[in-house]
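Here's structure_35.txt, which has compact mmCIF, C-alpha atoms:
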```
# COMPACT_ATOMS: atom_id res chain seq x y z
CA MET A 13 0.00 0.00 0.00
CA PHE A 14 1.06 3.56 -0.64
CA ARG A 15 0.93 6.17 2.10
CA ASP A 16 -2.20 7.79 0.66
CA GLY A 17 -4.12 4.52 1.10
CA THR A 18 -3.80 3.42 -2.52
CA SER A 19 -3.67 -0.35 -2.57
CA VAL A 20 -1.73 -2.26 -5.19
CA LEU A 21 -2.61 -5.81 -6.10
CA PHE A 22 -0.26 -7.81 -8.23
CA HIS A 23 0.11 -11.34 -9.46
CA ASP A 24 2.95 -13.79 -9.49
CA THR A 25 5.84 -11.54 -10.35
CA GLY A 26 9.47 -12.34 -10.32
CA GLU A 27 12.67 -11.60 -12.12
CA LYS A 28 11.73 -14.11 -14.79
CA ARG A 29 9.60 -11.49 -16.57
CA GLN A 30 10.92 -11.31 -20.08
CA HIS A 31 10.10 -7.87 -21.36
CA ARG A 32 10.66 -5.32 -18.59
CA ALA A 33 12.47 -5.22 -15.27
CA PRO A 34 10.17 -5.39 -12.24
CA TYR A 35 10.20 -2.92 -9.38
CA LEU A 36 11.95 -3.97 -6.18
CA VAL A 37 10.52 -3.51 -2.70
CA ASP A 38 13.44 -3.20 -0.33
CA ASN A 39 14.34 -2.41 3.26
CA VAL A 40 16.14 0.91 3.71
CA ASP A 41 16.85 2.01 7.27
CA SER A 42 14.12 -0.39 8.51
CA LYS A 43 11.56 1.19 6.22
CA LEU A 44 9.79 -0.67 3.44
CA VAL A 45 10.38 1.21 0.19
CA LEU A 46 9.55 0.86 -3.49
CA THR A 47 12.67 1.16 -5.64
CA ASP A 48 13.53 1.25 -9.32
CA GLN A 49 17.10 1.11 -10.61
CA ASP A 50 18.32 1.43 -7.01
CA GLU A 51 16.44 4.69 -6.50
CA VAL A 52 13.91 4.91 -3.68
CA ILE A 53 10.56 5.96 -5.16
CA GLU A 54 8.17 5.87 -2.20
CA THR A 55 7.61 4.36 1.21
CA VAL A 56 5.11 1.49 1.10
CA ASP A 57 3.60 -0.96 3.55
CA PHE A 58 2.14 -4.42 3.69
CA TRP A 59 -1.56 -4.52 4.33
CA GLU A 60 -2.83 -5.79 7.63
CA ARG A 61 -4.36 -9.12 8.58
CA ALA A 62 -8.05 -9.13 9.29
CA ASP A 63 -9.19 -9.94 12.82
CA TYR A 64 -11.30 -12.89 11.65
CA PHE A 65 -8.18 -14.68 10.39
CA ASP A 66 -7.60 -15.87 13.94
CA HIS A 67 -11.03 -17.51 14.23
CA GLN A 68 -12.48 -20.86 13.24
CA THR A 69 -15.96 -21.80 12.07
CA SER A 70 -18.28 -23.97 14.14
CA THR A 71 -17.03 -26.95 12.12
CA GLY A 72 -13.41 -26.14 12.87
CA LYS A 73 -12.33 -24.60 9.58
CA ASN A 74 -9.96 -21.65 9.53
CA MET A 75 -12.00 -18.60 8.54
CA GLN A 76 -8.97 -17.22 6.68
CA ILE A 77 -9.21 -20.10 4.23
CA LEU A 78 -12.90 -19.63 3.52
CA ILE A 79 -12.96 -15.92 2.74
CA GLY A 80 -10.07 -13.82 1.56
CA ASN A 81 -9.88 -10.09 1.70
CA ARG A 82 -8.23 -6.95 0.51
CA PRO A 83 -7.61 -3.95 2.75
CA GLN A 84 -11.08 -2.68 1.97
CA ARG A 85 -13.37 -5.61 1.19
CA PHE A 86 -14.22 -9.27 1.68
CA ASP A 87 -13.58 -11.52 -1.31
CA VAL A 88 -16.20 -14.26 -1.29
CA THR A 89 -15.37 -16.90 -3.87
CA GLY A 90 -18.14 -19.45 -4.28
CA SER A 91 -16.08 -21.81 -6.39
CA TRP A 92 -12.63 -21.72 -7.93
CA TYR A 93 -13.40 -23.16 -11.31
CA CYS A 94 -14.64 -21.46 -14.46
CA HIS A 95 -16.63 -23.80 -16.71
CA PHE A 96 -15.62 -22.03 -19.90
CA TRP A 97 -12.50 -24.15 -19.40
CA ASP A 98 -14.54 -27.35 -19.73
CA THR A 99 -13.74 -27.01 -23.42
CA PRO A 100 -9.94 -27.09 -23.83
CA GLY A 101 -8.81 -23.54 -24.59
CA GLY A 102 -12.32 -22.21 -23.98
CA GLY A 103 -11.30 -19.87 -21.19
CA CYS A 104 -9.79 -16.42 -21.64
CA LYS A 105 -6.29 -16.66 -23.03
CA TYR A 106 -4.62 -14.35 -20.49
CA CYS A 107 -6.41 -15.79 -17.49
CA PRO A 108 -4.66 -17.85 -14.79
CA ILE A 109 -7.94 -19.32 -13.57
CA GLY A 110 -7.79 -22.12 -16.12
CA ALA A 111 -4.53 -23.57 -14.85
CA GLN A 112 -5.35 -22.91 -11.22
CA GLY A 113 -8.90 -24.12 -11.60
CA GLY A 114 -7.74 -27.23 -13.42
CA GLU A 115 -5.52 -28.14 -10.48
CA LYS A 116 -8.34 -27.49 -8.05
CA LYS A 117 -10.71 -29.55 -10.19
CA LYS A 118 -8.31 -32.48 -10.01
CA LYS A 119 -8.32 -32.15 -6.24
CA GLY A 120 -12.10 -31.99 -6.17
CA GLU A 121 -12.13 -28.40 -4.91
CA VAL A 122 -14.62 -26.99 -7.39
CA LEU A 123 -17.74 -27.52 -5.31
CA LEU A 124 -19.59 -24.40 -4.32
CA THR A 125 -18.93 -23.22 -0.79
CA ASP A 126 -21.87 -23.61 1.58
CA PRO A 127 -23.58 -20.17 1.87
CA LYS A 128 -24.19 -20.71 5.60
CA GLU A 129 -20.47 -21.27 6.12
CA ILE A 130 -19.67 -18.06 4.24
CA VAL A 131 -22.13 -16.09 6.31
CA GLU A 132 -20.60 -17.45 9.52
CA VAL A 133 -17.27 -15.93 8.49
CA LEU A 134 -18.79 -12.65 7.35
CA ALA A 135 -20.66 -12.32 10.65
CA GLU A 136 -17.30 -12.50 12.43
CA GLY A 137 -15.53 -10.31 9.87
CA ILE A 138 -17.89 -7.36 10.04
CA LYS A 139 -17.25 -7.06 13.76
CA GLN A 140 -13.96 -5.36 12.86
CA ARG A 141 -15.12 -1.78 12.77
CA GLY A 142 -13.88 0.52 10.06
CA ARG A 143 -12.10 -2.11 8.00
CA PHE A 144 -14.45 -3.53 5.40
CA ALA A 145 -16.57 -1.36 3.13
CA ASN A 146 -17.87 -3.95 0.71
CA ILE A 147 -18.57 -7.64 0.09
CA LEU A 148 -17.42 -8.93 -3.29
CA ILE A 149 -18.99 -12.17 -4.44
CA THR A 150 -17.94 -14.19 -7.44
CA THR A 151 -17.59 -17.70 -8.77
CA GLY A 152 -16.16 -18.98 -11.98
CA SER A 153 -18.79 -19.07 -14.71
CA ILE A 154 -21.24 -21.97 -14.35
CA LEU A 155 -22.99 -22.66 -17.63
CA SER A 156 -25.47 -25.33 -16.53
CA GLY A 157 -29.09 -24.93 -15.50
CA LYS A 158 -32.58 -24.78 -16.94
CA GLN A 159 -31.39 -21.77 -18.91
CA LEU A 160 -27.72 -21.08 -19.57
CA LEU A 161 -26.18 -19.77 -16.29
CA ASP A 162 -29.21 -20.59 -14.14
CA ASP A 163 -27.16 -22.73 -11.74
CA GLU A 164 -24.69 -19.87 -11.24
CA LEU A 165 -27.50 -17.40 -10.74
CA ASN A 166 -29.38 -19.62 -8.30
CA TYR A 167 -26.27 -20.11 -6.20
CA HIS A 168 -25.65 -16.37 -6.06
CA ILE A 169 -29.26 -15.67 -5.11
CA GLU A 170 -29.15 -18.24 -2.32
CA LEU A 171 -25.85 -16.83 -1.06
CA LEU A 172 -27.01 -13.20 -1.21
CA LYS A 173 -30.21 -14.05 0.65
CA GLU A 174 -28.16 -15.61 3.45
CA ILE A 175 -25.77 -12.65 3.60
CA GLY A 176 -28.73 -10.27 3.66
CA LYS A 177 -29.75 -11.73 7.01
CA LEU A 178 -26.70 -9.98 8.53
CA PHE A 179 -28.10 -6.56 7.62
CA LYS A 180 -31.17 -4.60 8.71
CA THR A 181 -31.53 -2.72 5.42
CA ASP A 182 -33.10 -4.08 2.24
CA ARG A 183 -29.85 -3.59 0.37
CA PHE A 184 -26.33 -3.97 1.71
CA PRO A 185 -22.86 -2.97 0.43
CA SER A 186 -22.15 -5.64 -2.11
CA GLN A 187 -20.88 -6.31 -5.60
CA LEU A 188 -21.44 -9.43 -7.63
CA ILE A 189 -19.07 -10.27 -10.45
CA GLY A 190 -21.13 -12.71 -12.46
CA THR A 191 -21.41 -13.87 -16.01
CA ALA A 192 -23.65 -11.69 -18.22
CA TYR A 193 -27.20 -12.72 -17.32
CA ASN A 194 -30.26 -12.14 -19.49
CA ARG A 195 -33.03 -9.72 -18.52
CA GLU A 196 -35.12 -12.30 -16.70
CA GLN A 197 -32.11 -13.45 -14.70
CA LEU A 198 -31.04 -9.89 -13.88
CA GLU A 199 -34.52 -9.05 -12.67
CA ARG A 200 -34.48 -12.08 -10.38
CA LEU A 201 -31.06 -11.09 -9.06
CA TYR A 202 -32.23 -7.57 -8.26
CA ASN A 203 -35.68 -8.41 -6.95
CA GLU A 204 -34.85 -11.47 -4.87
CA THR A 205 -31.69 -10.21 -3.14
CA GLY A 206 -30.23 -7.15 -1.44
CA LEU A 207 -27.40 -6.89 -3.99
CA MET A 208 -26.33 -3.30 -4.56
CA SER A 209 -24.13 -3.50 -7.66
CA TYR A 210 -23.43 -5.83 -10.54
CA THR A 211 -20.40 -6.46 -12.70
CA ALA A 212 -20.06 -8.69 -15.76
CA ASP A 213 -16.56 -8.63 -17.21
CA ILE A 214 -16.47 -8.20 -20.97
CA GLU A 215 -12.66 -8.31 -20.69
CA VAL A 216 -11.81 -6.31 -23.81
CA LEU A 217 -13.67 -3.57 -25.68
CA ASN A 218 -13.34 -4.82 -29.22
CA GLU A 219 -15.34 -7.62 -30.81
CA THR A 220 -12.53 -9.15 -32.83
CA ALA A 221 -10.17 -9.21 -29.87
CA PHE A 222 -12.98 -10.54 -27.65
CA ASN A 223 -13.64 -13.44 -30.02
CA ARG A 224 -9.95 -14.29 -30.12
CA LEU A 225 -9.22 -13.83 -26.43
CA CYS A 226 -12.41 -15.17 -24.87
CA PRO A 227 -13.68 -18.02 -27.05
CA GLY A 228 -15.95 -19.41 -24.34
CA LYS A 229 -17.68 -16.10 -23.68
CA ALA A 230 -17.94 -15.52 -27.43
CA LYS A 231 -19.45 -18.94 -28.08
CA PHE A 232 -22.03 -19.03 -25.31
CA ILE A 233 -23.04 -15.35 -25.10
CA GLY A 234 -21.30 -13.26 -27.73
CA TYR A 235 -19.85 -9.76 -27.67
CA GLN A 236 -22.88 -7.76 -28.76
CA GLU A 237 -25.18 -9.73 -26.47
CA TRP A 238 -22.77 -9.17 -23.57
CA LYS A 239 -22.92 -5.40 -24.10
CA LYS A 240 -26.70 -5.54 -24.43
CA ARG A 241 -26.98 -7.38 -21.12
CA LEU A 242 -24.78 -4.80 -19.39
CA LYS A 243 -27.10 -2.06 -20.57
CA ILE A 244 -30.13 -4.01 -19.35
CA ALA A 245 -28.41 -4.42 -15.99
CA ALA A 246 -28.00 -0.65 -15.74
CA GLU A 247 -31.74 -0.25 -16.38
CA ILE A 248 -32.47 -2.63 -13.53
CA PHE A 249 -29.80 -1.78 -10.94
CA GLY A 250 -29.56 1.88 -11.91
CA ARG A 251 -27.00 4.06 -13.65
CA GLY A 252 -23.68 3.94 -11.85
CA ARG A 253 -24.49 0.61 -10.18
CA VAL A 254 -23.16 -1.56 -13.01
CA ASP A 255 -19.73 -1.86 -14.54
CA THR A 256 -17.64 -4.18 -16.63
CA GLY A 257 -14.06 -5.24 -16.09
CA LEU A 258 -11.39 -5.00 -18.75
CA VAL A 259 -7.96 -6.56 -18.82
CA THR A 260 -6.42 -3.44 -20.27
CA GLY A 261 -3.71 -4.02 -22.82
CA THR A 262 -4.88 -7.35 -24.18
CA GLU A 263 -6.43 -5.48 -27.09
CA ILE A 264 -3.01 -4.61 -28.51
CA GLY A 265 -0.54 -6.76 -30.41
CA ASN A 266 0.43 -10.36 -29.78
CA GLY A 267 -1.45 -11.45 -32.90
CA ILE A 268 -4.73 -10.72 -31.13
CA GLY A 269 -5.63 -7.07 -31.42
CA PHE A 270 -4.71 -3.62 -32.69
CA ARG A 271 -1.30 -2.94 -34.13
CA THR A 272 -0.86 0.44 -32.50
CA GLU A 273 -1.74 1.98 -29.16
CA ASP A 274 -3.36 4.99 -30.85
CA ALA A 275 -5.73 2.77 -32.85
CA ALA A 276 -6.61 0.77 -29.75
CA PHE A 277 -7.19 3.92 -27.70
CA ALA A 278 -9.59 5.35 -30.28
CA ALA A 279 -11.60 2.15 -30.61
CA VAL A 280 -11.75 1.36 -26.89
CA SER A 281 -12.77 4.95 -26.06
CA GLU A 282 -15.65 4.79 -28.53
CA GLU A 283 -17.00 1.56 -27.08
CA ALA A 284 -16.52 2.75 -23.49
CA GLU A 285 -18.53 5.88 -24.34
CA GLU A 286 -21.37 3.76 -25.72
CA LEU A 287 -21.50 1.88 -22.42
CA ALA A 288 -21.16 5.02 -20.29
CA GLU A 289 -24.03 6.67 -22.13
CA ALA A 290 -26.16 3.67 -21.14
CA GLY A 291 -25.10 3.95 -17.50
CA VAL A 292 -22.35 1.33 -17.43
CA SER A 293 -18.89 2.16 -16.08
CA VAL A 294 -15.68 0.47 -17.09
CA ALA A 295 -13.18 -0.82 -14.55
CA ALA A 296 -9.77 -1.32 -16.09
CA THR A 297 -7.45 -3.94 -14.66
CA ILE A 298 -3.85 -3.68 -15.79
CA TRP A 299 -2.78 -6.69 -17.77
CA GLN A 300 0.40 -8.36 -16.76
CA PRO A 301 0.92 -11.66 -18.58
CA SER A 302 0.65 -14.53 -16.12
CA ASP A 303 3.15 -17.35 -16.22
CA ILE A 304 0.34 -19.89 -16.16
CA ALA A 305 -1.88 -18.35 -18.84
CA ILE A 306 -1.95 -19.20 -22.53
CA LEU A 307 -0.56 -15.74 -23.34
CA LYS A 308 2.29 -16.11 -20.87
CA ASN A 309 4.94 -14.82 -23.26
CA ALA A 310 2.97 -11.84 -24.53
CA LYS A 311 4.07 -8.24 -24.10
CA ASN A 312 1.75 -5.70 -22.54
CA PRO A 313 1.54 -2.05 -23.69
CA SER A 314 3.31 1.05 -22.48
CA LEU A 315 2.59 2.80 -19.20
CA GLU A 316 1.50 5.88 -21.12
CA TYR A 317 -1.22 3.89 -22.90
CA MET A 318 -2.53 2.56 -19.60
CA ILE A 319 -2.65 6.07 -18.13
CA ARG A 320 -4.36 7.51 -21.22
CA ILE A 321 -7.04 4.82 -20.86
CA SER A 322 -7.52 5.58 -17.15
CA ARG A 323 -7.90 9.31 -17.85
CA GLU A 324 -10.34 8.66 -20.67
CA PHE A 325 -12.56 6.38 -18.58
CA GLU A 326 -12.67 8.96 -15.80
CA ARG A 327 -13.51 11.67 -18.36
CA LEU A 328 -16.42 9.56 -19.60
CA ARG A 329 -17.73 8.96 -16.06
CA LEU A 330 -17.70 12.69 -15.47
CA LYS A 331 -19.34 13.43 -18.82
CA TYR A 332 -22.18 10.98 -18.15
CA ASN A 333 -22.37 11.67 -14.41
CA LEU A 334 -21.64 8.08 -13.43
CA ALA A 335 -20.71 7.10 -9.91
CA VAL A 336 -18.40 4.14 -9.45
CA ASP A 337 -18.28 4.10 -5.68
CA PHE A 338 -18.97 0.35 -5.52
CA ASP A 339 -15.73 -0.37 -7.38
CA ASP A 340 -13.40 2.47 -6.37
CA TYR A 341 -10.26 2.75 -4.24
CA ARG A 342 -12.24 2.34 -1.02
CA ARG A 343 -14.25 -0.71 -2.03
CA CYS A 344 -12.06 -2.50 -4.58
CA GLY A 345 -8.61 -0.98 -4.98
CA ASN A 346 -7.57 -2.88 -8.07
CA HIS A 347 -8.36 -0.39 -10.82
CA PRO A 348 -6.14 2.67 -11.32
CA ASN A 349 -8.85 4.27 -13.43
CA THR A 350 -11.51 4.06 -10.72
CA ASP A 351 -8.93 5.33 -8.19
CA LEU A 352 -9.24 8.62 -10.07
CA ALA A 353 -12.82 8.96 -8.85
CA ARG A 354 -11.49 10.02 -5.43
CA LEU A 355 -10.28 13.27 -7.03
CA ARG A 356 -13.83 14.50 -7.65
CA MET B 20 20.43 -6.39 -3.79
CA GLY B 21 19.01 -4.93 -6.98
CA ILE B 22 17.37 -6.14 -10.14
CA ASP B 23 19.68 -7.48 -12.85
CA GLU B 24 18.72 -5.00 -15.59
CA SER B 25 20.89 -6.73 -18.19
CA LYS B 26 18.25 -9.47 -18.56
CA TYR B 27 15.71 -7.13 -20.08
CA GLY B 28 17.40 -5.39 -22.97
CA ASP B 29 16.86 -1.76 -23.88
CA TRP B 30 13.15 -1.50 -23.11
CA ARG B 31 13.55 1.70 -21.09
CA SER B 32 14.55 3.68 -24.17
CA GLU B 33 11.42 2.53 -26.04
CA GLU B 34 8.75 4.06 -23.81
CA LEU B 35 8.14 6.85 -21.31
CA SER B 36 9.19 6.12 -17.73
CA ALA B 37 6.86 6.60 -14.77
CA LYS B 38 8.56 9.91 -14.00
CA GLU B 39 8.03 11.11 -17.55
CA VAL B 40 4.40 10.03 -17.51
CA ILE B 41 3.83 11.87 -14.22
CA LYS B 42 5.31 15.00 -15.78
CA LYS B 43 3.25 14.67 -18.98
CA TYR B 44 -0.07 14.00 -17.19
CA PRO B 45 -0.01 16.20 -14.06
CA ASP B 46 -3.74 15.59 -13.47
CA VAL B 47 -3.01 11.96 -12.59
CA PRO B 48 -1.66 11.40 -9.05
CA LYS B 49 1.76 9.82 -8.95
CA PHE B 50 0.42 7.01 -6.77
CA VAL B 51 -1.93 5.99 -9.58
CA VAL B 52 0.91 6.08 -12.09
CA TYR B 53 3.19 3.93 -9.93
CA LYS B 54 0.36 1.55 -9.09
CA THR B 55 -0.28 1.09 -12.81
CA ASP B 56 3.39 0.55 -13.57
CA ILE B 57 3.85 -1.93 -10.72
CA GLN B 58 0.91 -3.93 -12.01
CA ARG B 59 2.26 -3.70 -15.55
CA ARG B 60 5.92 -4.53 -14.87
CA GLY B 61 5.62 -6.55 -11.71
CA VAL B 62 7.40 -6.32 -8.39
CA VAL B 63 9.67 -8.48 -6.28
CA PHE B 64 10.64 -8.25 -2.61
CA SER B 65 14.18 -8.43 -1.29
CA LYS B 66 15.07 -10.71 1.60
CA GLU B 67 15.68 -7.61 3.69
CA ALA B 68 12.22 -6.32 2.85
CA MET B 69 10.62 -9.55 3.98
CA LYS B 70 12.28 -9.14 7.38
CA LEU B 71 9.74 -6.34 7.91
CA PHE B 72 6.86 -8.71 7.24
CA ASP B 73 5.23 -9.80 10.49
CA PRO B 74 2.75 -12.64 9.85
CA LYS B 75 0.95 -11.76 13.08
CA VAL B 76 0.23 -8.29 11.72
CA HIS B 77 0.45 -8.42 7.94
CA SER B 78 -1.43 -10.24 5.24
CA ALA B 79 0.56 -11.94 2.49
CA ALA B 80 -1.95 -12.64 -0.25
CA ALA B 81 -5.37 -11.74 -1.50
CA SER B 82 -7.33 -14.97 -1.72
CA CYS B 83 -9.54 -14.30 -4.69
CA LEU B 84 -10.52 -16.03 -7.89
CA PHE B 85 -8.72 -13.37 -9.90
CA SER B 86 -5.39 -13.63 -8.14
CA ASN B 87 -2.72 -16.28 -8.27
CA ASP B 88 -2.83 -16.46 -4.53
CA GLN B 89 0.93 -16.83 -4.21
CA GLY B 90 1.64 -13.95 -1.93
CA TYR B 91 4.71 -11.75 -2.03
CA LYS B 92 7.41 -13.21 -4.20
CA GLN B 93 10.81 -12.87 -2.63
CA LEU B 94 13.95 -12.23 -4.55
CA ASP B 95 16.27 -15.23 -4.09
```
As structure tokens, please, write out the structure in this file.
Amino acid sequence: MFRDGTSVLFHDTGEKRQHRAPYLVDNVDSKLVLTDQDEVIETVDFWERADYFDHQTSTGKNMQILIGNRPQRFDVTGSWYCHFWDTPGGGCKYCPIGAQGGEKKKKGEVLLTDPKEIVEVLAEGIKQRGRFANILITTGSILSGKQLLDDELNYHIELLKEIGKLFKTDRFPSQLIGTAYNREQLERLYNETGLMSYTADIEVLNETAFNRLCPGKAKFIGYQEWKKRLKIAAEIFGRGRVDTGLVTGTEIGNGIGFRTEDAAFAAVSEEAEELAEAGVSVAATIWQPSDIAILKNAKNPSLEYMIRISREFERLRLKYNLAVDFDDYRRCGNHPNTDLARLR
Amino acid sequence: MGIDESKYGDWRSEELSAKEVIKKYPDVPKFVVYKTDIQRRGVVFSKEAMKLFDPKVHSAAASCLFSNDQGYKQLD
């Protein structure tokens, strides 16, 4: 964490990165500092353990194992497997979930966590005053059910109903990252639970790149349908209560997307504006190729491109008067572009 | 202990540095620029840095579907 409270999440980094040297966090005069080329950039800190980490559930499980967290929110993960990977290569090509999920599937760890067990941990976790501002819920995509995605939806509804019992208000601080549901499913999600905000990650704002990067999402739902469902979600949950996650940078190069950063910026901006006009924000995650993803040897774009994208998305939120307070620095902390919302 | 820059070629001459980006876009806080660049380039922790990690106080990894869940990677 930086000294202004900005949190920084990162994946499995190491010196093995092929394209650029990583930063080094070092100890200088007993202070933790971020360095680059032996120059101290800033003081930083580790984030703190949550109080509930020291507790066990009534069945003797370590609460720390059941629910993870960031400095600002609980991370409730219903299952660790994404069923787009049921078809070899069907998952998103930059995503580490496939390899991780595959290992967990072999170990039989893909079953959905019991909602009552999750709520037992949350009940303990929210006793820590001032720490947690949001509850993030997600599972890997589950395609089965009476309609496509019904099993995923039904699990989330059951879980949200249980969590809702912890709160006195009809709605409670919460974000669901789900697959893109249809109108009927979105209406059920909104009407049957106290969920406050909804996210369905389109991953990349370009149809050609989407089809190449996310073959499972393209096959079962499709790019245009995904966007349509996001707009429907904004009608139901309200403007500024819906967003979509991008893995920023995957739209450029590597035989997948645009050849230049300028071309990518123009196209992505246009599509982001279409979504913003309909009440949907965009949350940009910074792509760093994962060692266990299909695109492990790819090169991500320049820092300047990433910053231009962040500025543009904030400009669009201001232009269309969109709040993003369910996915900002205080409730998520993983998107530099939504960090900019604290400047308003 | 520093990073062995010789492994990575001349990439620094091909793009703006974080300092240059901060100067070019003064409306963006430097913390947001460095956060972005850390996520883009990656980060490692020295052995000396990890001596400041107290497992009774600090948390080592975000346990989330979207993370690799491997915690802070220490420089060997």
Self-check item: For Trp30 in chain B: contacts at 9 Å, only C-alpha atoms, fewer than 4 positions along chain excluded, given as number ranges by chain
Solution: A: 31-33; B: 34
Emit as lines of an AutoDock Vina configuration file the padded axis-aligned box for all listed atoms of range 22-29 of chain B, 6 Å per side, with centre and edge lengths in Å to one decimal.
```
center_x = 18.3
center_y = -5.6
center_z = -17.0
size_x = 17.2
size_y = 19.7
size_z = 25.7
```
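Compared by their closest atoms to Val40 in chain B, and using only C-alpha atoms, the residues A:Thr125, A:Thr191, A:Ser314, A:Ser42 rank with A:Ser314 nearest.
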Self-check item: For Glu282 in chain A: contacts at 12 Å, only C-alpha atoms, fewer than 2 positions along chain excluded, given as a PyMOL selection string
Solution: chain A and resi 217-218+275-280+284-289+321+324-325+328
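Applying a distance limit of 6 Å to all atoms listed in the file, the residues of chain B near chain A read Tyr27, Val51, Lys54, Gln58, Arg59, Arg60, Gly61, Val62, Val63, Phe64, Ser65, Glu67, Ala68, Val76, His77, Ser78, Ala81, Ser82, Cys83 and Asn87 of chain B.
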Practice problem: May I have the residues within 6 Å of Tyr106 in chain A as a list of chain:residue names, using all atoms listed in the file and disregarding those fewer than 5 positions away in the same chain? | Solution: A:Ala305, A:Ile306, A:Leu307
Selection to disk with C-alpha atoms, as a PDB file, keeping the file's coordinate frame:
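Heads up, here's the output in result.pdb:
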```
ATOM      1  CA  ALA A 305      -1.880 -18.350 -18.840  1.00  0.00           C
ATOM      2  CA  ILE A 306      -1.950 -19.200 -22.530  1.00  0.00           C
ATOM      3  CA  LEU A 307      -0.560 -15.740 -23.340  1.00  0.00           C
TER       4      LEU A 307
END
```
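You will find CA of Arg354 in chain A at 19.1 Å from CA of Thr256 in chain A.
Taking CA of Gln187 in chain A and CA of Phe222 in chain A as endpoints, the distance between them is 23.8 Å.
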Quiz item: Contacts of range 158-168 of chain A at 8 Å or less, counting only C-alpha atoms, minus same-chain residues fewer than 4 places along, as a ChimeraX atom specification?
Solution: /A:151,153-154,172,191,193,197,201
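Residues with any atom within 7 Å of the point (-21.6, -8.7, -12.1), counting only C-alpha atoms, are A:Gln187, A:Leu188, A:Ile189, A:Gly190, A:Thr191, A:Tyr210, A:Thr211, A:Ala212.
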Go ahead and dump the residues you just picked, C-alpha atoms, as a compact mmCIF listing (two decimals), in the frame of the given file.
```
# COMPACT_ATOMS: atom_id res chain seq x y z
CA GLN A 187 -20.88 -6.31 -5.60
CA LEU A 188 -21.44 -9.43 -7.63
CA ILE A 189 -19.07 -10.27 -10.45
CA GLY A 190 -21.13 -12.71 -12.46
CA THR A 191 -21.41 -13.87 -16.01
CA TYR A 210 -23.43 -5.83 -10.54
CA THR A 211 -20.40 -6.46 -12.70
CA ALA A 212 -20.06 -8.69 -15.76
```
Quiz item: Which residues, written as a VMD selection string, have at least one atom at most 12 Å from Lys38 in chain B, with all atoms listed in the file counted and residues fewer than 4 positions away on the same chain left out?
Solution: (chain A and resid 48 53 315 to 316) or (chain B and resid 31 34 42 to 45 47 to 50 52 to 53 56)
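For the set A:Arg253, A:His95, A:Arg85, A:Arg342, the residue with the smallest atom-to-atom gap to Phe232 in chain A is A:His95, counting all atoms listed in the file.
Atom pair CA of Arg329 in chain A / CA of Ser293 in chain A: separated by 6.9 Å.
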